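**Student:** One structure coming up, written as structure tokens, with questions to follow.
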Amino acid sequence: MKYSIALVPGDGIGPEVSSWAVNVLDALGDKFGHTFNYVELLAGGCAIDRYGQPLPADTLEAAKQCDALLLGAVGGPQWENLPGELRPERALLGLRAGLGVFANLRPASLLPQLAGACPLKDDVLKASNPEGKPSFDLLIVRELTGGIYFGQRGRKGSGKDEAAFDTEMYARWEIERLLRVAYEAAAKRRKKLCVVDKANVMESSRLWREVAQAISSEYKDIETSFLYVDNCAMQLIRAPGQFDVIATSNIFGDILSDEASVISGSIGMLASASLGAADDLPAKNGRVMGMYEPIHGSAPDIAGKDLANPLAMILSGAMMLRYSFGLEKEACAIEAAVSAVLDKGFRTKDIASRDSALCGEKIVGTREMGTAVLKELE
Ligand code: NAD
């Protein structure tokens with residue numbers, strides 16, 4: 001089968017890590033008889049340099065014509081002083097909104113091989129794990145196209161009276177469609193959904209609770225619970241094993257998933273999928289438009305130094321095969337290759353254990369890690 005993929009390498013480490021995702025997908029294509037055709041597109045800082053805007057209309061139009069979008073990362077210090085609308089990160093918001101992908105699935109788990117890179121004590125992990133194991137496996141479902149990142153914003157007044165504001169606003173239908181994705185995900189997992197909000201203070205959060213309470217009766221086999229976001233931030237460190245699926249707003253999901261990445265070993269391990277409405281599935285030819293990207297940013301501090309961990313990007317490719325193309329066997333092959341490489345002790349610096357030499361780990365760069373994954377697919 002042939003699949004067309006919009007490839008947005010972006011800035012910083014984006015091009016380094018996305019090239020390894022492409023290598024891995026191509027190797028997999030050879031093995032399983034698929035052809036992946038890439039349409040390389042500019043978005044982010046590189047598009048600002050070339051076209052004066054972070055998301056040229058042509059990029060969005062071309063992306064819409066493809067079966068799925070694979071994105072590295074955008075941004076960097078050289079574009080930080082531009083006005084908000086012209087900053088590289090605007091490209092992400094524009095792509096998500098333009099492609100209609102409103103549900104961001106961010107799995108975070110502690111692989112047994114990376115236990116040494118997790119800053120939490122074994123006792124903490126074991127105590128909250130239903131099976132008493134030193135691990136956790138959770139999924140954050142983050143709303144992606146609404147809330148404060150898209151709400152009205154601005155400045156008013158001047159001098160010492162100058163003020164700035166951003167607005168958190170959610171429509172009932174936006175909350176409901178996100179929660180339905182989260183419930184469906186929970187149904188395929190351990191059947192627990194925790195809705196995270198700040199309903200003790202924020203009106204928009206109170207609406208989240210109302211909607212969740214209203215539709216929870218349709219998902220009787222799923223246990224629904226509620227947590228304030230500040231408590232959730234604490235619980236993720238205190239007892240991460242208690243969570244199965246967390247559903248939350250754009251900004252809370254953004255922050256909590258970075259926190260979850262640290263206890264997973266490194267932000268360099270976490271992939272994500274952004275999907276559209278379940279009602280629209282399956283899309284054309286049984287392929288579902290989705291946007292796939294690691295949760296990390298462009299990491300300008302390590303860009304071009306062969307230090308970036310390419311695994312989150314490679315695993316984002318696996319999520320694309322699973323969710324957009326329905327290629328479950330192929331997605332599992334990538335995940336198994338990553339697991340085998342970790343079993344053999346390969347570690348980029350970010351996922352090395354504190355006592356890596358004693359653990360027999362081999363510290364490698366981006367290239368060697370990517371090559372090791374490719375070897376597993378031979
Ligand atoms: P970041 O995720 O880029 O980096 C945070 C830390 O994690 C850094 O120390 C970095 O070296 C490390 N890190 C990140 N990815 C890594 C990897 N694959 N391997 C090893 N280490 C890794 O976050 P930041 O520093 O807050 O942001 C840098 C730039 O990226 C900013 O311009 C920001 O706006 C942008 N950003 C983009 C995205 C995106 O494109 N989706 C997401 C977040 C931040």
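Here's how to read the names in the structure tokens: chain A, B, ... by the order shown, residue numbers from 1 in each chain, ligand numbers from 1 in the order shown.
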Just want the 12 Å neighbourhood of A:Ala357, counted on only C-alpha atoms, with same-chain residues fewer than 3 positions away dropped. Output as a list in words.
**Tutor:**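 In the requested format, the answer is Gly116, Gly345, Phe346, Arg347, Ala352, Ser353, Arg354, Gly360, Glu361, Lys362 and Ile363 of chain A.
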**Student:** Just the strand (DSSP E) stuff from stretch 115-307 of chain A, please, per backbone DSSP, written as a PyMOL selection string.
**Tutor:** chain A and resi 137-143+153-156+163-166+192-197+223-228+245-248+271-275+290-294
**Student:** Using only C-alpha atoms, which residue out of A:Leu71, A:Ala182, A:Ala163, A:Ala27 lies closest to A:Ala333?
**Tutor:**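 Among the listed residues, A:Ala27 lies closest to A:Ala333.
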**Student:** Could you work out how far atom CA of A:Gly241 lies from atom CA of A:Asp221, giving the answer in Å with one decimal?
**Tutor:**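 Here the two named atoms are 20.0 Å from each other.
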**Student:** Measuring atom to atom with only C-alpha atoms, identify which of A:Leu315, A:Val201, A:Leu193, A:Met289 is nearest to A:Ser18.
**Tutor:**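 Once distances to A:Ser18 are computed over only C-alpha atoms, the minimum belongs to A:Leu315.
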**Student:** Return the single residue from A:Ala21, A:Leu270, A:Val39, A:Leu7 that is closest to ligand 1, with distances computed using only C-alpha atoms and all ligand atoms.
**Tutor:**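 So, comparing all the options, the nearest one is A:Leu270.
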**Student:** Between A:Pro134, A:Pro77, A:Gly146, A:Gly98, single out the one closest to ligand 1, counting only C-alpha atoms and all ligand atoms.
**Tutor:**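 Selected residue with least distance to ligand 1: A:Pro77.
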**Student:** Produce as number ranges by chain the set of residues near ligand 1, where near means within 9 Å with only C-alpha atoms and all ligand atoms considered.
**Tutor:** A: 10-14, 17, 44-45, 71-80, 87-89, 91-92, 254, 258, 266-270, 293-303, 307-313, 348-351, 366
**Student:** A:Met291, A:Ala331, A:Ala239, A:Ala271: which is nearest A:Leu120, counting only C-alpha atoms?
**Tutor:**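 Looking at the shortest contact to A:Leu120, the residue is A:Ala239.
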